[in-house]
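S.K.: This is model-v2.csv (CSV, N, CA and C atoms and all ligand atoms).
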```csv
chain,number,residue,atom,x,y,z
A,1,MET,N,-11.9,14.3,-21.5
A,1,MET,CA,-10.7,14.5,-20.7
A,1,MET,C,-11.0,14.5,-19.2
A,2,ARG,N,-12.0,15.2,-18.8
A,2,ARG,CA,-12.4,15.2,-17.4
A,2,ARG,C,-13.0,13.9,-17.0
A,3,ARG,N,-13.7,13.2,-17.9
A,3,ARG,CA,-14.3,11.9,-17.6
A,3,ARG,C,-13.1,10.9,-17.3
A,4,ALA,N,-12.1,11.0,-18.1
A,4,ALA,CA,-11.0,10.0,-17.9
A,4,ALA,C,-10.4,10.3,-16.5
A,5,LEU,N,-10.3,11.5,-16.1
A,5,LEU,CA,-9.7,11.8,-14.8
A,5,LEU,C,-10.5,11.2,-13.7
A,6,VAL,N,-11.8,11.3,-13.8
A,6,VAL,CA,-12.7,10.8,-12.8
A,6,VAL,C,-12.6,9.3,-12.7
A,7,VAL,N,-12.6,8.7,-13.9
A,7,VAL,CA,-12.5,7.2,-13.9
A,7,VAL,C,-11.2,6.8,-13.2
A,8,LEU,N,-10.1,7.4,-13.5
A,8,LEU,CA,-8.8,7.1,-12.8
A,8,LEU,C,-8.9,7.3,-11.3
A,9,ALA,N,-9.6,8.3,-10.9
A,9,ALA,CA,-9.7,8.6,-9.4
A,9,ALA,C,-10.5,7.5,-8.8
A,10,ILE,N,-11.5,7.0,-9.4
A,10,ILE,CA,-12.3,5.9,-8.9
A,10,ILE,C,-11.5,4.6,-8.7
A,11,LEU,N,-10.7,4.4,-9.8
A,11,LEU,CA,-9.9,3.1,-9.7
A,11,LEU,C,-8.9,3.2,-8.6
A,12,ALA,N,-8.5,4.4,-8.2
A,12,ALA,CA,-7.5,4.5,-7.2
A,12,ALA,C,-8.1,4.3,-5.8
A,13,LEU,N,-9.4,4.3,-5.7
A,13,LEU,CA,-9.9,4.2,-4.3
A,13,LEU,C,-9.8,2.8,-3.8
A,14,PRO,N,-9.4,2.6,-2.5
A,14,PRO,CA,-9.3,1.3,-2.0
A,14,PRO,C,-10.7,0.6,-2.0
A,15,ALA,N,-10.7,-0.7,-1.9
A,15,ALA,CA,-11.9,-1.5,-2.0
A,15,ALA,C,-12.8,-1.4,-0.8
A,16,GLY,N,-12.3,-1.1,0.3
A,16,GLY,CA,-13.1,-1.1,1.5
A,16,GLY,C,-12.9,0.2,2.3
A,17,VAL,N,-13.5,0.2,3.5
A,17,VAL,CA,-13.3,1.4,4.3
A,17,VAL,C,-12.2,1.1,5.3
A,18,PRO,N,-11.2,1.9,5.3
A,18,PRO,CA,-10.0,1.7,6.2
A,18,PRO,C,-10.4,1.7,7.7
A,19,PRO,N,-9.8,0.9,8.5
A,19,PRO,CA,-10.1,0.9,9.9
A,19,PRO,C,-9.5,2.2,10.5
A,20,ALA,N,-9.8,2.4,11.8
A,20,ALA,CA,-9.4,3.6,12.5
A,20,ALA,C,-7.9,3.7,12.4
A,21,LEU,N,-7.4,5.0,12.3
A,21,LEU,CA,-5.9,5.2,12.3
A,21,LEU,C,-5.3,4.8,13.6
A,22,GLY,N,-4.1,4.3,13.5
A,22,GLY,CA,-3.4,3.9,14.7
A,22,GLY,C,-3.6,2.5,15.2
A,23,GLU,N,-4.5,1.8,14.6
A,23,GLU,CA,-4.8,0.5,15.0
A,23,GLU,C,-3.6,-0.4,14.7
A,24,THR,N,-3.1,-1.2,15.7
A,24,THR,CA,-2.0,-2.0,15.4
A,24,THR,C,-2.5,-3.5,15.1
A,25,TRP,N,-1.7,-4.2,14.3
A,25,TRP,CA,-2.1,-5.5,13.9
A,25,TRP,C,-1.3,-6.5,14.7
A,26,SER,N,-1.9,-7.5,15.3
A,26,SER,CA,-1.1,-8.5,16.0
A,26,SER,C,-0.4,-9.4,15.0
A,27,GLU,N,0.6,-10.1,15.5
A,27,GLU,CA,1.3,-11.0,14.6
A,27,GLU,C,0.4,-12.1,14.0
A,28,ALA,N,-0.6,-12.5,14.9
A,28,ALA,CA,-1.5,-13.6,14.4
A,28,ALA,C,-2.4,-13.0,13.3
A,29,ARG,N,-2.8,-11.8,13.4
A,29,ARG,CA,-3.6,-11.2,12.3
A,29,ARG,C,-2.8,-11.0,11.1
A,30,ILE,N,-1.5,-10.5,11.2
A,30,ILE,CA,-0.7,-10.4,10.0
A,30,ILE,C,-0.4,-11.7,9.4
A,31,ALA,N,-0.3,-12.8,10.2
A,31,ALA,CA,0.0,-14.1,9.6
A,31,ALA,C,-1.2,-14.6,8.8
A,32,ARG,N,-2.4,-14.1,9.1
A,32,ARG,CA,-3.6,-14.6,8.4
A,32,ARG,C,-3.8,-13.8,7.1
A,33,LEU,N,-3.1,-12.6,6.9
A,33,LEU,CA,-3.3,-11.8,5.7
A,33,LEU,C,-2.8,-12.5,4.5
A,34,PRO,N,-3.4,-12.3,3.4
A,34,PRO,CA,-3.0,-12.9,2.1
A,34,PRO,C,-1.7,-12.2,1.7
A,35,ASP,N,-0.9,-12.9,0.8
A,35,ASP,CA,0.3,-12.3,0.3
A,35,ASP,C,0.1,-10.9,-0.3
A,36,SER,N,-1.1,-10.7,-0.9
A,36,SER,CA,-1.3,-9.4,-1.6
A,36,SER,C,-1.4,-8.3,-0.6
A,37,ALA,N,-1.4,-8.6,0.7
A,37,ALA,CA,-1.5,-7.5,1.7
A,37,ALA,C,-0.1,-6.9,2.0
A,38,PHE,N,1.0,-7.5,1.4
A,38,PHE,CA,2.3,-7.1,1.7
A,38,PHE,C,2.9,-6.4,0.5
A,39,ALA,N,3.9,-5.5,0.7
A,39,ALA,CA,4.6,-4.8,-0.4
A,39,ALA,C,5.4,-5.7,-1.2
A,40,VAL,N,6.1,-6.6,-0.6
A,40,VAL,CA,6.9,-7.6,-1.4
A,40,VAL,C,6.9,-8.9,-0.7
A,41,VAL,N,6.8,-10.0,-1.4
A,41,VAL,CA,6.9,-11.3,-0.9
A,41,VAL,C,8.1,-12.0,-1.5
A,42,GLU,N,9.1,-12.3,-0.7
A,42,GLU,CA,10.4,-12.9,-1.2
A,42,GLU,C,10.3,-14.4,-0.9
A,43,VAL,N,11.0,-15.2,-1.7
A,43,VAL,CA,11.1,-16.6,-1.4
A,43,VAL,C,12.6,-16.9,-1.1
A,44,ALA,N,12.8,-17.5,0.1
A,44,ALA,CA,14.2,-17.8,0.5
A,44,ALA,C,14.6,-19.1,-0.3
A,45,ALA,N,16.0,-19.3,-0.2
A,45,ALA,CA,16.6,-20.5,-0.9
A,45,ALA,C,15.9,-21.8,-0.5
A,46,ASP,N,15.4,-21.9,0.8
A,46,ASP,CA,14.8,-23.1,1.2
A,46,ASP,C,13.3,-23.1,0.9
A,47,GLY,N,12.8,-22.2,0.1
A,47,GLY,CA,11.4,-22.2,-0.3
A,47,GLY,C,10.5,-21.5,0.7
A,48,ARG,N,11.0,-21.0,1.8
A,48,ARG,CA,10.2,-20.3,2.8
A,48,ARG,C,9.8,-18.9,2.2
A,49,LYS,N,8.6,-18.5,2.4
A,49,LYS,CA,8.2,-17.2,2.0
A,49,LYS,C,8.5,-16.2,3.1
A,50,VAL,N,9.0,-15.0,2.6
A,50,VAL,CA,9.3,-13.9,3.6
A,50,VAL,C,8.5,-12.7,3.1
A,51,ARG,N,7.5,-12.4,3.9
A,51,ARG,CA,6.6,-11.3,3.5
A,51,ARG,C,6.9,-10.0,4.2
A,52,HIS,N,7.0,-8.9,3.4
A,52,HIS,CA,7.5,-7.7,4.0
A,52,HIS,C,6.4,-6.6,4.0
A,53,LEU,N,6.3,-5.8,5.0
A,53,LEU,CA,5.6,-4.6,5.1
A,53,LEU,C,4.1,-4.7,4.7
A,54,PRO,N,3.4,-5.4,5.6
A,54,PRO,CA,1.9,-5.5,5.4
A,54,PRO,C,1.3,-4.1,5.5
A,55,HIS,N,0.3,-3.8,4.6
A,55,HIS,CA,-0.3,-2.5,4.6
A,55,HIS,C,-1.7,-2.6,4.0
A,56,HIS,N,-2.2,-3.8,3.6
A,56,HIS,CA,-3.6,-4.0,3.2
A,56,HIS,C,-4.3,-4.8,4.3
A,57,ASP,N,-5.5,-4.5,4.6
A,57,ASP,CA,-6.2,-5.4,5.6
A,57,ASP,C,-6.9,-6.6,4.9
A,58,GLU,N,-7.7,-7.3,5.7
A,58,GLU,CA,-8.3,-8.5,5.1
A,58,GLU,C,-9.2,-8.3,3.9
A,59,THR,N,-9.7,-7.1,3.8
A,59,THR,CA,-10.6,-6.8,2.7
A,59,THR,C,-9.9,-6.3,1.5
A,60,GLY,N,-8.5,-6.1,1.6
A,60,GLY,CA,-7.7,-5.7,0.5
A,60,GLY,C,-7.6,-4.1,0.5
A,61,ALA,N,-8.2,-3.5,1.4
A,61,ALA,CA,-8.1,-2.0,1.5
A,61,ALA,C,-6.7,-1.6,2.1
A,62,VAL,N,-6.2,-0.5,1.5
A,62,VAL,CA,-5.0,0.0,2.1
A,62,VAL,C,-5.3,0.6,3.5
A,63,ASP,N,-4.4,0.3,4.4
A,63,ASP,CA,-4.5,0.8,5.8
A,63,ASP,C,-3.6,2.0,5.9
A,64,PRO,N,-4.1,3.2,6.0
A,64,PRO,CA,-3.2,4.4,5.9
A,64,PRO,C,-2.1,4.4,7.0
A,65,ALA,N,-2.4,3.9,8.2
A,65,ALA,CA,-1.4,3.9,9.3
A,65,ALA,C,-0.3,2.9,9.0
A,66,HIS,N,-0.7,1.8,8.5
A,66,HIS,CA,0.3,0.8,8.1
A,66,HIS,C,1.1,1.1,6.9
A,67,LEU,N,0.4,1.9,6.0
A,67,LEU,CA,1.2,2.4,4.8
A,67,LEU,C,2.3,3.3,5.2
A,68,ARG,N,1.9,4.2,6.1
A,68,ARG,CA,3.0,5.2,6.6
A,68,ARG,C,4.1,4.4,7.3
A,69,ALA,N,3.7,3.4,8.2
A,69,ALA,CA,4.7,2.7,8.9
A,69,ALA,C,5.6,1.9,7.9
A,70,ALA,N,5.0,1.3,6.9
A,70,ALA,CA,5.8,0.6,5.9
A,70,ALA,C,6.8,1.5,5.1
A,71,LEU,N,6.3,2.7,4.8
A,71,LEU,CA,7.2,3.6,4.1
A,71,LEU,C,8.4,4.0,5.0
A,72,SER,N,8.1,4.2,6.3
A,72,SER,CA,9.2,4.6,7.2
A,72,SER,C,10.1,3.5,7.5
A,73,ARG,N,9.7,2.2,7.3
A,73,ARG,CA,10.5,1.1,7.6
A,73,ARG,C,11.3,0.5,6.4
A,74,LEU,N,11.1,1.1,5.3
A,74,LEU,CA,11.7,0.6,4.0
A,74,LEU,C,13.2,0.4,4.2
A,75,GLY,N,13.9,1.4,4.8
A,75,GLY,CA,15.3,1.3,5.0
A,75,GLY,C,15.8,0.3,6.0
A,76,GLN,N,14.9,-0.2,6.8
A,76,GLN,CA,15.3,-1.1,8.0
A,76,GLN,C,15.0,-2.6,7.7
A,77,VAL,N,14.4,-2.8,6.5
A,77,VAL,CA,14.0,-4.2,6.2
A,77,VAL,C,15.3,-5.0,5.8
A,78,ARG,N,15.4,-6.2,6.2
A,78,ARG,CA,16.5,-7.1,5.7
A,78,ARG,C,16.0,-7.8,4.5
A,79,TRP,N,16.3,-7.3,3.3
A,79,TRP,CA,15.8,-7.9,2.1
A,79,TRP,C,16.7,-9.2,1.7
A,80,LEU,N,16.0,-10.2,1.2
A,80,LEU,CA,16.8,-11.3,0.7
A,80,LEU,C,17.5,-10.9,-0.6
A,81,ASP,N,16.7,-10.1,-1.4
A,81,ASP,CA,17.3,-9.5,-2.6
A,81,ASP,C,17.2,-8.0,-2.5
A,82,PRO,N,18.4,-7.3,-2.6
A,82,PRO,CA,18.4,-5.9,-2.4
A,82,PRO,C,17.5,-5.1,-3.3
A,83,ALA,N,17.2,-5.7,-4.5
A,83,ALA,CA,16.4,-5.1,-5.5
A,83,ALA,C,14.9,-5.0,-5.0
A,84,SER,N,14.6,-5.8,-4.0
A,84,SER,CA,13.2,-5.8,-3.5
A,84,SER,C,12.8,-4.4,-2.9
A,85,GLU,N,13.8,-3.7,-2.4
A,85,GLU,CA,13.5,-2.5,-1.7
A,85,GLU,C,12.9,-1.5,-2.7
A,86,ALA,N,13.4,-1.4,-3.9
A,86,ALA,CA,12.9,-0.5,-5.0
A,86,ALA,C,11.5,-0.9,-5.4
A,87,VAL,N,11.3,-2.2,-5.4
A,87,VAL,CA,9.9,-2.8,-5.8
A,87,VAL,C,8.9,-2.3,-4.7
A,88,ALA,N,9.3,-2.5,-3.5
A,88,ALA,CA,8.4,-2.2,-2.3
A,88,ALA,C,8.2,-0.7,-2.3
A,89,ARG,N,9.2,0.1,-2.6
A,89,ARG,CA,9.1,1.6,-2.5
A,89,ARG,C,8.1,2.0,-3.6
A,90,ARG,N,8.3,1.5,-4.8
A,90,ARG,CA,7.3,1.8,-5.9
A,90,ARG,C,5.9,1.5,-5.5
A,91,HIS,N,5.7,0.3,-5.0
A,91,HIS,CA,4.4,-0.1,-4.6
A,91,HIS,C,3.8,0.8,-3.6
A,92,LEU,N,4.5,1.1,-2.5
A,92,LEU,CA,4.0,1.9,-1.4
A,92,LEU,C,3.8,3.4,-1.8
A,93,GLU,N,4.7,3.9,-2.6
A,93,GLU,CA,4.6,5.3,-3.1
A,93,GLU,C,3.3,5.4,-4.0
A,94,GLY,N,3.0,4.4,-4.7
A,94,GLY,CA,1.8,4.4,-5.6
A,94,GLY,C,0.6,4.5,-4.7
A,95,HIS,N,0.5,3.8,-3.6
A,95,HIS,CA,-0.6,3.9,-2.7
A,95,HIS,C,-0.7,5.3,-2.1
A,96,ARG,N,0.5,5.8,-1.7
A,96,ARG,CA,0.5,7.2,-1.0
A,96,ARG,C,0.0,8.2,-2.0
A,97,ARG,N,0.4,8.1,-3.3
A,97,ARG,CA,0.0,9.1,-4.3
A,97,ARG,C,-1.6,9.0,-4.4
A,98,ALA,N,-2.1,7.7,-4.5
A,98,ALA,CA,-3.5,7.5,-4.7
A,98,ALA,C,-4.3,8.1,-3.5
A,99,LEU,N,-3.8,7.9,-2.3
A,99,LEU,CA,-4.5,8.5,-1.1
A,99,LEU,C,-4.4,10.0,-1.1
A,100,THR,N,-3.3,10.6,-1.5
A,100,THR,CA,-3.1,12.0,-1.6
A,100,THR,C,-4.0,12.6,-2.7
A,101,ASP,N,-4.1,11.9,-3.8
A,101,ASP,CA,-5.0,12.4,-4.9
A,101,ASP,C,-6.4,12.4,-4.5
A,102,ARG,N,-6.8,11.4,-3.7
A,102,ARG,CA,-8.1,11.2,-3.3
A,102,ARG,C,-8.5,12.4,-2.4
A,103,ARG,N,-7.6,12.8,-1.5
A,103,ARG,CA,-7.9,13.9,-0.6
A,103,ARG,C,-8.0,15.2,-1.4
A,104,GLY,N,-7.2,15.4,-2.5
A,104,GLY,CA,-7.2,16.6,-3.2
A,104,GLY,C,-8.0,16.6,-4.5
A,105,ILE,N,-9.0,15.7,-4.5
A,105,ILE,CA,-9.6,15.4,-5.8
A,105,ILE,C,-10.4,16.6,-6.4
A,106,SER,N,-11.1,17.3,-5.5
A,106,SER,CA,-12.0,18.4,-6.0
A,106,SER,C,-11.1,19.5,-6.6
A,107,HIS,N,-10.0,19.7,-5.9
A,107,HIS,CA,-9.1,20.7,-6.4
A,107,HIS,C,-8.5,20.3,-7.8
A,108,HIS,N,-8.1,19.1,-7.9
A,108,HIS,CA,-7.5,18.6,-9.1
A,108,HIS,C,-8.5,18.6,-10.3
A,109,ALA,N,-9.8,18.2,-9.9
A,109,ALA,CA,-10.8,18.2,-11.0
A,109,ALA,C,-11.1,19.6,-11.5
A,110,ARG,N,-11.1,20.6,-10.6
A,110,ARG,CA,-11.3,22.0,-11.0
A,110,ARG,C,-10.2,22.5,-11.9
A,111,SER,N,-9.0,22.3,-11.4
A,111,SER,CA,-7.9,22.9,-12.1
A,111,SER,C,-7.4,22.1,-13.3
A,112,GLY,N,-7.9,20.9,-13.4
A,112,GLY,CA,-7.5,20.1,-14.5
A,112,GLY,C,-6.1,19.5,-14.4
A,113,VAL,N,-5.5,19.7,-13.3
A,113,VAL,CA,-4.1,19.1,-13.0
A,113,VAL,C,-4.3,17.6,-12.7
A,114,SER,N,-3.5,16.8,-13.3
A,114,SER,CA,-3.6,15.4,-13.0
A,114,SER,C,-2.4,14.9,-12.2
A,201,ZN,ZN,-0.2,-2.5,-1.6
```
Rewrite the coordinates I just gave you, this time as structure tokens.
Ligand SMILES: [Zn+2]
M.R.:
Amino acid sequence: MRRALVVLAILALPAGVPPALGETWSEARIARLPDSAFAVVEVAADGRKVRHLPHHDETGAVDPAHLRAALSRLGQVRWLDPASEAVARRHLEGHRRALTDRRGISHHARSGVS
């Protein structure tokens, strides 16, 4: 039981070391990020990709500052499909939970709360 909990916690860790908090990303940098760095990628009627709420850096690691910004901007995004907001929210909340769990990991391991 405890082993399973530890394995889950390891899987939740981001792949790389997040950059310093508060770092902002230029438009050029965001443009170079892969689709997987965004909460949702929508495709417009003309085939153009519309990528929303970047929060992973080039290494694939979650950037905590951009994750927070993305969560706070959820209600301001102009979605092509209104259903995308729920998809983005689920995605971002999942990251937030993982980051929170990581901080509280020793407490959770001791108490057995998952
Ligand atoms: Zn993500």
S.K.: Env of segment 90-93 of chain A: 8 Å cut, atoms = only N, CA and C atoms, seq-sep filter 4 positions within chain, self excluded. Answer as an MDAnalysis selection string.
M.R.: chainID A and resid 39:40 67 70:71 84:86 97:99
S.K.: Counting only N, CA and C atoms and all ligand atoms, which protein, DNA or RNA residues come within 7 Å of ligand ZN 201 (chain A), given as a list in words?
M.R.: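 Checking only N, CA and C atoms and all ligand atoms against ligand ZN 201 (chain A) at 7 Å gives Ser36, Ala37, Phe38, Ala39, His55, His56, Val62, His91, Leu92 and His95 of chain A.
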S.K.: Take the residues that were just selected and, keeping N, CA and C atoms, output them as a short mmCIF file (atom, residue, chain, number, x, y, z; two decimals), in the coordinates of the input.
M.R.:
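The result, stored in part.cif:
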```cif
data_model
loop_
_atom_site.label_atom_id
_atom_site.label_comp_id
_atom_site.auth_asym_id
_atom_site.auth_seq_id
_atom_site.Cartn_x
_atom_site.Cartn_y
_atom_site.Cartn_z
N SER A 36 -1.10 -10.70 -0.90
CA SER A 36 -1.30 -9.40 -1.60
C SER A 36 -1.40 -8.30 -0.60
N ALA A 37 -1.40 -8.60 0.70
CA ALA A 37 -1.50 -7.50 1.70
C ALA A 37 -0.10 -6.90 2.00
N PHE A 38 1.00 -7.50 1.40
CA PHE A 38 2.30 -7.10 1.70
C PHE A 38 2.90 -6.40 0.50
N ALA A 39 3.90 -5.50 0.70
CA ALA A 39 4.60 -4.80 -0.40
C ALA A 39 5.40 -5.70 -1.20
N HIS A 55 0.30 -3.80 4.60
CA HIS A 55 -0.30 -2.50 4.60
C HIS A 55 -1.70 -2.60 4.00
N HIS A 56 -2.20 -3.80 3.60
CA HIS A 56 -3.60 -4.00 3.20
C HIS A 56 -4.30 -4.80 4.30
N VAL A 62 -6.20 -0.50 1.50
CA VAL A 62 -5.00 0.00 2.10
C VAL A 62 -5.30 0.60 3.50
N HIS A 91 5.70 0.30 -5.00
CA HIS A 91 4.40 -0.10 -4.60
C HIS A 91 3.80 0.80 -3.60
N LEU A 92 4.50 1.10 -2.50
CA LEU A 92 4.00 1.90 -1.40
C LEU A 92 3.80 3.40 -1.80
N HIS A 95 0.50 3.80 -3.60
CA HIS A 95 -0.60 3.90 -2.70
C HIS A 95 -0.70 5.30 -2.10
#
```
S.K.: Enter the distance from atom CA of Val43 of chain A to atom CA of Ala28 of chain A, in Å, rounded to one decimal.
M.R.: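 Answer for the atom CA of Val43 of chain A to atom CA of Ala28 of chain A separation: 20.4 Å.
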S.K.: Leaving out Thr24 of chain A and any residue of its chain fewer than 4 positions from it, which residues lie within 12 Å of it when counting only C-alpha atoms, given as a PyMOL selection string?
M.R.: chain A and resi 19-20+28-30+54-55+57+63-67+69
S.K.: Using only C-alpha atoms, which of the listed residues (A:Thr59, A:Arg48, A:Glu42, A:Gly94) sits closest to Arg78 of chain A?
M.R.: A:Glu42
S.K.: Which is closest to Arg51 of chain A among A:Arg102, A:Trp79, A:Arg96, A:Ser72, if we use only C-alpha atoms?
M.R.: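 Smallest distance to Arg51 of chain A is found for A:Trp79.
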S.K.: Atom C of Val41 of chain A and atom N of Glu23 of chain A are how many Å apart?
M.R.: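 Value for the atom C of Val41 of chain A-atom N of Glu23 of chain A distance: 24.7 Å.
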S.K.: In Å, with one decimal, what is the gap from atom CA of Arg89 of chain A to atom C of Asp35 of chain A?
M.R.: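 So the answer is 15.6 Å.
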